[in-house]
Amino acid sequence: MKTFPFVGQFLGRLCWNPCVIADERSQRLLLQCLSCLYSAEPLNAVERKANMWIKDMLCHLISEEGSVAHTTVKHAGVTPKRYHSEALQKVVSLMTEEVIKSCDSLPNTARCLNGNIHTMSTACVALVICPEMSPLIGALLKHFMLCGSSCLNQEFIKEINEALISKWLVLEDEAVVNLWCYSPSCLEGAAVSFLESVLSGHETMTQSLDKHVNDSLLPRASAHHCHIFLTVNEIYRNVLTEIDENLAVRALIQVFTACFLQRLTGQKPQDRLPLRAFFPNVTPCLLTPLLTAPSEVPREAWLDHLSWIRSLLQSVTENEEAGEDGRAYQAVFEAWFLLVQCGYWVDTAAELLVLAAPENAKSLLWLLTFFHHPTNRGHQRSQQTAVAREAWTHLRMLFLTRPPPPRHLCAVKELLSSSFSANLVLHLFSNFTVFSHGPVSIITEITDKVLTEAAVKRRALWILALIRCRLNSAATRDDRVYSRLRTLQDTLLQT
Amino acid sequence: MEAVLRHLTNILELLAVSQTDHVSEWDRHTTLRAFQWAEYCEQLHSRFQCNPAVRSALESALSDTNQRLQQALPSCSPVMFSELAQCQHMLLIHLLTNPSAPNSVIPILFPDPKTAAQDSQFDQNSLITCKSAFNLLCRTSDRTSYAGLHVEAVVRGKLLGNLLNSVLSRTGNDEYARTLLDSILHDSAGKPESLYDVIAAALLSPDDETNSVVPHFILAWLQEQDGCLSKLCKSLSPGLCTVISRQSREFKQAYWGVLKQWASCLEFDVLEGLWVPTSDEPVTFIILTDRFKELLNSGPPLKEETETELKTLKREAGDFNVKGICIWTDVIIQLKL
């Protein structure tokens, strides 16, 4: 105030501006400023005058202007706070009714009362984080869905989006989905910020990844609106191609797709779009085998189902090796990406490998290798297949014989530390730990010796998260497996 | 009970002192104690608001104390029972507007938002937010919805209706409800037009149309106030009066009564060939016929009832068919019935 006296005038103007004081955040700042300016022991006339001005301002902020307002509040029989809270709720419900009524009277092609809706949305820009406002905000967003012509204030949409992301605002699920339909940039923001939260909130995420994914509302929105699914998919796919071999992103894609498919099957058949619409780039014959979840296929049929998948994928890769054009390469990428999305089948293959007979293992190992190394870069495929087989053999020995032979322990450890096929070996290792028979005590023993680095342990937790999600959606619950899963998780979380 | 009455007296003295320069002796401790007493007072109000026996004892203690304080400190305003619900708020306003309030006290009442707890009794955040949000929203809405009433009047009317409903739902509170309405009317003596809008909204307010307790009560009260009903009807638009008449038989009858009264103030000026007002009430023939026109445009059953009523009035006044003798004849001719 000493350097810039006009600041006082400015603060005064702000106190009279309802848009500023209605927003809790700016209001607190304003009150803080006033509180700083107040002198508990004024030393001169200027400070005394400032104090008087501040008291006037505070008085104005908490009392009524206008005789009717003043008198109705004075004799209301409740505190002013309660009166205004009820008044606000009532005005919101009246305005919400008005918006809903204007929706009902719309035939699909008529233009609605644009002006009124736009004015309301402009007024709501400052009020977005006020909790009593959410019914009106929801109704305004819904109005767009029914009306079709966009008449909501752009600032309003922007404020809602920012308030949602920073958790100042809570809306009903349907309103959030409507917002995403209205504004593609809001959708993109939500998808990206969810990805960021998954990558950074490591431990909570791995504990209940499917719940977090469902809570983000992305699967629900995607099931109801094809364009939302395609947008979100595109974003995550781009991220995956940028960050190679990132298990967290793969896990997110896998769980997102699984939750999305669950929602789809929950829809009424007449509302359902064909799967082709959601997966336009993939060879159609791959859709049925991969998009059918393992929980929908009887356990005895899993091996045959996986053989089917393998033969389809193998023919796609053989096409690529034969031909030289980019289209064949594209087909391989699309097929591989679909496999990443439907990663529950790869996990199933890994589970079956634990108890598989050698003649069945070949098919399953091919699948696993393709999943982790889709391209034949430097013609390494045969090498990778060999590594996979070697790992599988060592792991079988490790978990079948007691006590665990040191020779195989070292072999597995070495394979894990080489960067050549670390993820594949880790994938197999985790599955062997969870699904093999044998005492639970062995889990801690082996894991402590084999998984020593923190980074490796973090990656293993992602694999476990996927196993857990798949088990959660299974028809029956196997307590033995769950307890092994918990033990492995506890071992990994110990630092 | 004795103790309660004593406490009430203390609180009133507190409120009175907070408006004088004795308040300069208050320190932090005194201020916090004062607010604790004020809070206790609010609880008293909410417990006994609808209990006629206890409340009347409290009210008589209040009026005694008010009288006493008026003599000792003429500048203090008397406190009504209904205002006790906002004791803390009143105290706060007194301290803010009293120039003698010590400077150290204000920071206690408005703690720095950064350091203070969110739910402290001095946190004005949600009051300010709700009030500004309410004002903002009221300004954006236009008059075309809500039967021509402004949304602010509708909300205040509904809240008033709810208050009256809860007070009247327990027996023995009629007098108190009347006092409430009296106070509201008295306090807005400067500009009663906006208040009439609120009252109209309160008449329309019950969401459950079978509940006619509140409209009946308000109408009875209006008819007790001299000329109030007539002023209210004049202030409200013809359309709005019609809407209320459709919803409430009682109001319809009362409204017709007012219109008849207005008609009786008109005389036929033979020279001009017009009906002209005789008293100070500037109700012209045109205004009268407009009112009836609106009633007739409203549709069944009000339309038919109004027609019947007009024809009956014409018949009872002599059944003239010539202009200039009976106002009802002329009204009917004007409206081409």
# chains A, B, ... in the order shown; residues from 1 in each chain; ligands from 1
>>> interface_residues(of="chain A", to="chain B", cutoff="6 Å", atoms="only C-alpha atoms", output="NGL selection string")
:A and (18 or 22 or 32 or 35 or 40 or 55 or 67-68 or 71 or 75 or 77-79 or 81 or 84-85 or 88)
>>> residues_around(residues="segment 262-267 of chain B", least_positions_apart="2", cutoff="6 Å", atoms="only C-alpha atoms", output="list in words")
Leu259, Lys260, Trp275, Val276, Pro277 and Thr278 of chain B
>>> write_last_selection(atoms="all heavy atoms", output="PDB file, in the first residue's frame")
ATOM      1  N   LEU B 259     -61.446  -5.732  -6.527  1.00  0.00           N
ATOM      2  CA  LEU B 259     -61.886  -5.133  -7.787  1.00  0.00           C
ATOM      3  C   LEU B 259     -63.233  -4.433  -7.614  1.00  0.00           C
ATOM      4  O   LEU B 259     -63.471  -3.346  -8.157  1.00  0.00           O
ATOM      5  CB  LEU B 259     -61.972  -6.208  -8.879  1.00  0.00           C
ATOM      6  CG  LEU B 259     -60.635  -6.809  -9.301  1.00  0.00           C
ATOM      7  CD1 LEU B 259     -60.838  -7.947 -10.279  1.00  0.00           C
ATOM      8  CD2 LEU B 259     -59.747  -5.742  -9.934  1.00  0.00           C
ATOM      9  N   LYS B 260     -64.106  -5.070  -6.840  1.00  0.00           N
ATOM     10  CA  LYS B 260     -65.405  -4.431  -6.587  1.00  0.00           C
ATOM     11  C   LYS B 260     -65.203  -3.129  -5.842  1.00  0.00           C
ATOM     12  O   LYS B 260     -65.882  -2.123  -6.115  1.00  0.00           O
ATOM     13  CB  LYS B 260     -66.300  -5.359  -5.753  1.00  0.00           C
ATOM     14  CG  LYS B 260     -66.860  -6.532  -6.515  1.00  0.00           C
ATOM     15  CD  LYS B 260     -67.673  -7.458  -5.601  1.00  0.00           C
ATOM     16  CE  LYS B 260     -67.621  -8.876  -6.112  1.00  0.00           C
ATOM     17  NZ  LYS B 260     -68.072  -9.847  -5.109  1.00  0.00           N
ATOM     18  N   TRP B 275     -66.037   6.992 -17.027  1.00  0.00           N
ATOM     19  CA  TRP B 275     -65.953   6.699 -15.602  1.00  0.00           C
ATOM     20  C   TRP B 275     -64.623   7.244 -15.104  1.00  0.00           C
ATOM     21  O   TRP B 275     -63.569   6.931 -15.645  1.00  0.00           O
ATOM     22  CB  TRP B 275     -66.009   5.188 -15.374  1.00  0.00           C
ATOM     23  CG  TRP B 275     -67.378   4.628 -15.638  1.00  0.00           C
ATOM     24  CD1 TRP B 275     -67.867   4.166 -16.811  1.00  0.00           C
ATOM     25  CD2 TRP B 275     -68.428   4.509 -14.685  1.00  0.00           C
ATOM     26  NE1 TRP B 275     -69.158   3.757 -16.679  1.00  0.00           N
ATOM     27  CE2 TRP B 275     -69.547   3.954 -15.358  1.00  0.00           C
ATOM     28  CE3 TRP B 275     -68.566   4.811 -13.319  1.00  0.00           C
ATOM     29  CZ2 TRP B 275     -70.756   3.704 -14.726  1.00  0.00           C
ATOM     30  CZ3 TRP B 275     -69.774   4.537 -12.694  1.00  0.00           C
ATOM     31  CH2 TRP B 275     -70.856   3.997 -13.396  1.00  0.00           C
ATOM     32  N   VAL B 276     -64.682   8.090 -14.048  1.00  0.00           N
ATOM     33  CA  VAL B 276     -63.455   8.686 -13.529  1.00  0.00           C
ATOM     34  C   VAL B 276     -63.282   8.366 -12.044  1.00  0.00           C
ATOM     35  O   VAL B 276     -64.269   8.205 -11.321  1.00  0.00           O
ATOM     36  CB  VAL B 276     -63.421  10.216 -13.741  1.00  0.00           C
ATOM     37  CG1 VAL B 276     -63.392  10.538 -15.212  1.00  0.00           C
ATOM     38  CG2 VAL B 276     -64.605  10.850 -13.063  1.00  0.00           C
ATOM     39  N   PRO B 277     -62.027   8.278 -11.589  1.00  0.00           N
ATOM     40  CA  PRO B 277     -61.811   7.963 -10.174  1.00  0.00           C
ATOM     41  C   PRO B 277     -62.185   9.134  -9.275  1.00  0.00           C
ATOM     42  O   PRO B 277     -61.967  10.298  -9.622  1.00  0.00           O
ATOM     43  CB  PRO B 277     -60.311   7.674 -10.095  1.00  0.00           C
ATOM     44  CG  PRO B 277     -59.723   8.170 -11.345  1.00  0.00           C
ATOM     45  CD  PRO B 277     -60.784   8.372 -12.342  1.00  0.00           C
ATOM     46  N   THR B 278     -62.723   8.837  -8.136  1.00  0.00           N
ATOM     47  CA  THR B 278     -63.126   9.887  -7.218  1.00  0.00           C
ATOM     48  C   THR B 278     -62.145  10.065  -6.060  1.00  0.00           C
ATOM     49  O   THR B 278     -61.974  11.151  -5.562  1.00  0.00           O
ATOM     50  CB  THR B 278     -64.496   9.571  -6.573  1.00  0.00           C
ATOM     51  OG1 THR B 278     -64.400   8.260  -6.013  1.00  0.00           O
ATOM     52  CG2 THR B 278     -65.590   9.619  -7.604  1.00  0.00           C
TER      53      THR B 278
END
>>> closest_residue(among="B:Leu149, B:Ile327, B:Ile287, B:Val214", to="Asp269 of chain B", atoms="only C-alpha atoms")
B:Ile327
>>> closest_residue(among="B:Ala34, B:Ala53, B:Leu240, B:Leu14", to="Thr65 of chain B", atoms="only C-alpha atoms")
B:Leu14
>>> residues_around(residues="Cys76 of chain B", least_positions_apart="3", cutoff="12 Å", atoms="only C-alpha atoms", output="ChimeraX atom specification")
/B:12-21,65-73,79,94,98
>>> closest_residue(among="A:Cys19, A:Arg389, A:Leu31, A:Phe399", to="Ser421 of chain A", atoms="only C-alpha atoms")
A:Arg389
>>> residues_around(residues="Trp302 of chain A", least_positions_apart="2", cutoff="12 Å", atoms="only C-alpha atoms", output="MDAnalysis selection string")
chainID A and resid 289:290 292:300 304:309 344:353 356 360 364
>>> write_last_selection(atoms="N, CA and C atoms", output="tab-separated table (two decimals), in the first residue's frame")
chain	number	residue	atom	x	y	z
A	289	PRO	N	-11.64	-63.79	-31.62
A	289	PRO	CA	-10.89	-64.56	-30.63
A	289	PRO	C	-10.28	-63.69	-29.54
A	290	LEU	N	-9.77	-62.49	-29.92
A	290	LEU	CA	-9.09	-61.69	-28.91
A	290	LEU	C	-10.06	-60.94	-28.00
A	292	THR	N	-12.97	-61.78	-26.99
A	292	THR	CA	-13.69	-62.62	-26.04
A	292	THR	C	-12.79	-62.82	-24.84
A	293	ALA	N	-13.27	-62.45	-23.67
A	293	ALA	CA	-12.42	-62.51	-22.48
A	293	ALA	C	-12.21	-63.95	-22.02
A	294	PRO	N	-11.07	-64.24	-21.39
A	294	PRO	CA	-10.84	-65.60	-20.89
A	294	PRO	C	-11.93	-66.05	-19.92
A	295	SER	N	-12.53	-65.09	-19.19
A	295	SER	CA	-13.57	-65.48	-18.24
A	295	SER	C	-14.81	-66.00	-18.97
A	296	GLU	N	-14.92	-65.68	-20.26
A	296	GLU	CA	-16.08	-66.17	-21.01
A	296	GLU	C	-15.82	-67.50	-21.70
A	297	VAL	N	-14.59	-67.99	-21.60
A	297	VAL	CA	-14.24	-69.24	-22.26
A	297	VAL	C	-13.95	-70.28	-21.16
A	298	PRO	N	-14.49	-71.49	-21.29
A	298	PRO	CA	-14.21	-72.49	-20.25
A	298	PRO	C	-12.72	-72.82	-20.19
A	299	ARG	N	-12.25	-73.07	-19.00
A	299	ARG	CA	-10.84	-73.28	-18.77
A	299	ARG	C	-10.22	-74.36	-19.65
A	300	GLU	N	-10.98	-75.43	-19.86
A	300	GLU	CA	-10.46	-76.54	-20.66
A	300	GLU	C	-10.20	-76.12	-22.09
A	304	ASP	N	-6.81	-74.48	-26.64
A	304	ASP	CA	-7.21	-74.46	-28.05
A	304	ASP	C	-7.44	-73.02	-28.52
A	305	HIS	N	-8.04	-72.23	-27.66
A	305	HIS	CA	-8.31	-70.84	-28.01
A	305	HIS	C	-7.01	-70.10	-28.29
A	306	LEU	N	-6.03	-70.35	-27.43
A	306	LEU	CA	-4.74	-69.68	-27.60
A	306	LEU	C	-4.04	-70.17	-28.88
A	307	SER	N	-4.22	-71.43	-29.20
A	307	SER	CA	-3.65	-71.92	-30.46
A	307	SER	C	-4.25	-71.19	-31.64
A	308	TRP	N	-5.55	-71.00	-31.56
A	308	TRP	CA	-6.25	-70.28	-32.60
A	308	TRP	C	-5.66	-68.89	-32.77
A	309	ILE	N	-5.50	-68.19	-31.63
A	309	ILE	CA	-4.95	-66.84	-31.67
A	309	ILE	C	-3.54	-66.87	-32.27
A	344	TYR	N	-5.01	-59.86	-21.57
A	344	TYR	CA	-5.42	-60.94	-20.66
A	344	TYR	C	-5.17	-62.33	-21.28
A	345	TRP	N	-5.14	-62.40	-22.60
A	345	TRP	CA	-4.84	-63.70	-23.22
A	345	TRP	C	-3.36	-64.05	-23.09
A	346	VAL	N	-2.52	-63.03	-23.14
A	346	VAL	CA	-1.09	-63.30	-22.97
A	346	VAL	C	-0.83	-63.76	-21.54
A	347	ASP	N	-1.51	-63.11	-20.59
A	347	ASP	CA	-1.38	-63.53	-19.20
A	347	ASP	C	-1.89	-64.95	-19.00
A	348	THR	N	-2.96	-65.27	-19.72
A	348	THR	CA	-3.50	-66.64	-19.63
A	348	THR	C	-2.47	-67.63	-20.15
A	349	ALA	N	-1.84	-67.25	-21.27
A	349	ALA	CA	-0.81	-68.14	-21.82
A	349	ALA	C	0.30	-68.35	-20.80
A	350	ALA	N	0.71	-67.25	-20.15
A	350	ALA	CA	1.78	-67.36	-19.15
A	350	ALA	C	1.34	-68.25	-18.00
A	351	GLU	N	0.07	-68.15	-17.60
A	351	GLU	CA	-0.42	-69.00	-16.51
A	351	GLU	C	-0.38	-70.47	-16.92
A	352	LEU	N	-0.82	-70.74	-18.16
A	352	LEU	CA	-0.84	-72.13	-18.61
A	352	LEU	C	0.55	-72.70	-18.73
A	353	LEU	N	1.52	-71.84	-19.05
A	353	LEU	CA	2.89	-72.32	-19.21
A	353	LEU	C	3.44	-72.93	-17.92
A	356	ALA	N	2.22	-76.47	-18.11
A	356	ALA	CA	2.02	-77.08	-19.44
A	356	ALA	C	3.02	-78.20	-19.68
A	360	ASN	N	2.83	-78.65	-25.59
A	360	ASN	CA	1.95	-77.48	-25.69
A	360	ASN	C	2.70	-76.17	-25.50
A	364	LEU	N	2.51	-71.61	-26.79
A	364	LEU	CA	2.34	-70.56	-25.79
A	364	LEU	C	3.57	-69.66	-25.73
>>> residues_around(residues="Glu414 of chain A", least_positions_apart="4", cutoff="12 Å", atoms="only C-alpha atoms", output="list in words")
Val387, Glu390, Ala391, His394, Arg407, His408, Leu409, Cys410, Ser418, Ser419, Phe420, Ser421, Ala422, Val425, Leu426, Lys449, Val450, Leu451 and Thr452 of chain A
>>> atom_distance(atom1="atom CA of Pro206 of chain B", atom2="atom CA of Gly161 of chain B")
7.1 Å
>>> residues_around(residues="segment 221-223 of chain B", least_positions_apart="3", cutoff="12 Å", atoms="only C-alpha atoms", output="number ranges by chain")
B: 174-182, 185, 196, 199-200, 203, 214-218, 226-233, 250-251, 253-255, 257-258
>>> write_last_selection(atoms="N, CA and C atoms", output="tab-separated table (two decimals), in the first residue's frame")
chain	number	residue	atom	x	y	z
B	174	ASP	N	-50.14	-19.02	15.86
B	174	ASP	CA	-50.72	-18.07	14.91
B	174	ASP	C	-50.29	-16.65	15.20
B	175	GLU	N	-50.35	-16.28	16.48
B	175	GLU	CA	-50.00	-14.91	16.86
B	175	GLU	C	-48.56	-14.61	16.47
B	176	TYR	N	-47.69	-15.58	16.72
B	176	TYR	CA	-46.27	-15.38	16.41
B	176	TYR	C	-46.06	-15.20	14.92
B	177	ALA	N	-46.77	-16.03	14.14
B	177	ALA	CA	-46.62	-15.92	12.68
B	177	ALA	C	-47.07	-14.55	12.22
B	178	ARG	N	-48.16	-14.06	12.85
B	178	ARG	CA	-48.65	-12.73	12.50
B	178	ARG	C	-47.59	-11.67	12.82
B	179	THR	N	-46.95	-11.83	13.98
B	179	THR	CA	-45.90	-10.88	14.38
B	179	THR	C	-44.78	-10.86	13.35
B	180	LEU	N	-44.42	-12.05	12.87
B	180	LEU	CA	-43.36	-12.13	11.87
B	180	LEU	C	-43.72	-11.32	10.64
B	181	LEU	N	-44.94	-11.55	10.15
B	181	LEU	CA	-45.33	-10.83	8.94
B	181	LEU	C	-45.39	-9.33	9.21
B	182	ASP	N	-45.89	-8.97	10.39
B	182	ASP	CA	-45.94	-7.55	10.75
B	182	ASP	C	-44.55	-6.93	10.71
B	185	LEU	N	-43.28	-6.46	7.19
B	185	LEU	CA	-43.93	-5.34	6.51
B	185	LEU	C	-43.41	-4.02	7.06
B	196	TYR	N	-44.26	-7.00	-1.95
B	196	TYR	CA	-45.50	-7.59	-2.45
B	196	TYR	C	-45.20	-8.75	-3.40
B	199	ILE	N	-44.51	-11.66	-1.29
B	199	ILE	CA	-45.74	-12.21	-0.70
B	199	ILE	C	-46.52	-12.99	-1.75
B	200	ALA	N	-46.55	-12.45	-2.98
B	200	ALA	CA	-47.24	-13.18	-4.05
B	200	ALA	C	-46.61	-14.55	-4.24
B	203	LEU	N	-47.64	-16.85	-1.62
B	203	LEU	CA	-49.00	-17.35	-1.84
B	203	LEU	C	-48.99	-18.50	-2.82
B	214	VAL	N	-50.68	-22.04	4.46
B	214	VAL	CA	-49.92	-20.79	4.34
B	214	VAL	C	-50.66	-19.73	3.53
B	215	PRO	N	-51.18	-20.06	2.32
B	215	PRO	CA	-51.91	-19.02	1.59
B	215	PRO	C	-53.08	-18.49	2.38
B	216	HIS	N	-53.80	-19.37	3.07
B	216	HIS	CA	-54.96	-18.95	3.86
B	216	HIS	C	-54.52	-17.97	4.94
B	217	PHE	N	-53.42	-18.31	5.60
B	217	PHE	CA	-52.94	-17.46	6.68
B	217	PHE	C	-52.51	-16.09	6.17
B	218	ILE	N	-51.76	-16.11	5.08
B	218	ILE	CA	-51.27	-14.84	4.53
B	218	ILE	C	-52.42	-13.96	4.10
B	226	ASP	N	-54.90	-2.60	7.07
B	226	ASP	CA	-55.74	-1.64	6.38
B	226	ASP	C	-55.22	-1.31	4.99
B	227	GLY	N	-56.00	-1.63	3.97
B	227	GLY	CA	-55.62	-1.25	2.61
B	227	GLY	C	-54.48	-2.05	2.02
B	228	CYS	N	-53.96	-3.00	2.79
B	228	CYS	CA	-52.77	-3.71	2.31
B	228	CYS	C	-53.09	-4.59	1.11
B	229	LEU	N	-54.23	-5.30	1.22
B	229	LEU	CA	-54.58	-6.20	0.13
B	229	LEU	C	-54.77	-5.43	-1.17
B	230	SER	N	-55.41	-4.25	-1.04
B	230	SER	CA	-55.65	-3.46	-2.23
B	230	SER	C	-54.32	-2.99	-2.84
B	231	LYS	N	-53.41	-2.56	-1.98
B	231	LYS	CA	-52.10	-2.09	-2.49
B	231	LYS	C	-51.37	-3.24	-3.15
B	232	LEU	N	-51.47	-4.42	-2.53
B	232	LEU	CA	-50.79	-5.59	-3.09
B	232	LEU	C	-51.33	-5.90	-4.47
B	233	CYS	N	-52.65	-5.91	-4.60
B	233	CYS	CA	-53.23	-6.25	-5.90
B	233	CYS	C	-52.87	-5.22	-6.94
B	250	GLU	N	-59.60	-18.84	-2.35
B	250	GLU	CA	-59.69	-17.75	-1.38
B	250	GLU	C	-59.16	-16.46	-1.97
B	251	PHE	N	-58.01	-16.58	-2.65
B	251	PHE	CA	-57.45	-15.35	-3.22
B	251	PHE	C	-58.37	-14.80	-4.29
B	253	GLN	N	-61.59	-14.96	-4.46
B	253	GLN	CA	-62.68	-14.23	-3.82
B	253	GLN	C	-62.19	-12.87	-3.32
B	254	ALA	N	-61.02	-12.87	-2.67
B	254	ALA	CA	-60.48	-11.63	-2.12
B	254	ALA	C	-60.18	-10.64	-3.24
B	255	TYR	N	-59.65	-11.15	-4.33
B	255	TYR	CA	-59.29	-10.32	-5.47
B	255	TYR	C	-60.54	-9.67	-6.07
B	257	GLY	N	-63.15	-9.06	-4.50
B	257	GLY	CA	-63.55	-8.07	-3.50
B	257	GLY	C	-62.82	-6.75	-3.73
B	258	VAL	N	-61.51	-6.87	-3.97
B	258	VAL	CA	-60.72	-5.65	-4.21
B	258	VAL	C	-61.20	-4.95	-5.48
>>> residues_around(residues="His227 of chain A", least_positions_apart="3", cutoff="10 Å", atoms="only C-alpha atoms", output="list in words")
Cys181, Pro184, Ala221, Ser222, Ala223, His224, Leu230, Thr231, Val232, Asn233, Ala277 and Phe278 of chain A
>>> select_by_dssp(residues="segment 56-291 of chain B", states="alpha helix (DSSP H)", output="ChimeraX atom specification")
/B:56-72,87-97,106-109,125-140,151-168,174-187,192-204,213-224,228-235,238-247,249-264,285-291
>>> decode(residues="segment 272-284 of chain B", atoms="N, CA, C and O atoms", output="compact mmCIF listing (two decimals), in the first residue's frame")
# COMPACT_ATOMS: atom_id res chain seq x y z
N GLU B 272 -67.77 14.24 -19.67
CA GLU B 272 -66.73 13.56 -20.45
C GLU B 272 -67.23 12.27 -21.06
O GLU B 272 -66.66 11.75 -22.02
N GLY B 273 -68.29 11.73 -20.48
CA GLY B 273 -68.79 10.43 -20.95
C GLY B 273 -67.89 9.29 -20.52
O GLY B 273 -67.82 8.26 -21.19
N LEU B 274 -67.19 9.48 -19.38
CA LEU B 274 -66.25 8.44 -18.92
C LEU B 274 -66.47 8.18 -17.44
O LEU B 274 -66.96 9.02 -16.70
N TRP B 275 -66.04 6.99 -17.03
CA TRP B 275 -65.95 6.70 -15.60
C TRP B 275 -64.62 7.24 -15.10
O TRP B 275 -63.57 6.93 -15.64
N VAL B 276 -64.68 8.09 -14.05
CA VAL B 276 -63.45 8.69 -13.53
C VAL B 276 -63.28 8.37 -12.04
O VAL B 276 -64.27 8.21 -11.32
N PRO B 277 -62.03 8.28 -11.59
CA PRO B 277 -61.81 7.96 -10.17
C PRO B 277 -62.19 9.13 -9.28
O PRO B 277 -61.97 10.30 -9.62
N THR B 278 -62.72 8.84 -8.14
CA THR B 278 -63.13 9.89 -7.22
C THR B 278 -62.15 10.06 -6.06
O THR B 278 -61.97 11.15 -5.56
N SER B 279 -61.55 8.99 -5.64
CA SER B 279 -60.66 9.12 -4.46
C SER B 279 -59.22 9.27 -4.94
O SER B 279 -58.95 9.42 -6.13
N ASP B 280 -58.31 9.20 -3.97
CA ASP B 280 -56.88 9.34 -4.32
C ASP B 280 -56.36 8.13 -5.06
O ASP B 280 -55.33 8.21 -5.72
N GLU B 281 -57.07 7.04 -4.89
CA GLU B 281 -56.59 5.82 -5.55
C GLU B 281 -56.67 5.99 -7.06
O GLU B 281 -57.75 6.07 -7.61
N PRO B 282 -55.55 6.00 -7.73
CA PRO B 282 -55.62 6.21 -9.18
C PRO B 282 -55.97 4.95 -9.94
O PRO B 282 -55.17 4.45 -10.74
N VAL B 283 -57.14 4.41 -9.65
CA VAL B 283 -57.58 3.24 -10.42
C VAL B 283 -58.53 3.72 -11.47
O VAL B 283 -59.61 4.22 -11.16
N THR B 284 -58.16 3.58 -12.71
CA THR B 284 -59.02 4.06 -13.76
C THR B 284 -59.89 2.94 -14.30
O THR B 284 -59.67 1.77 -13.98
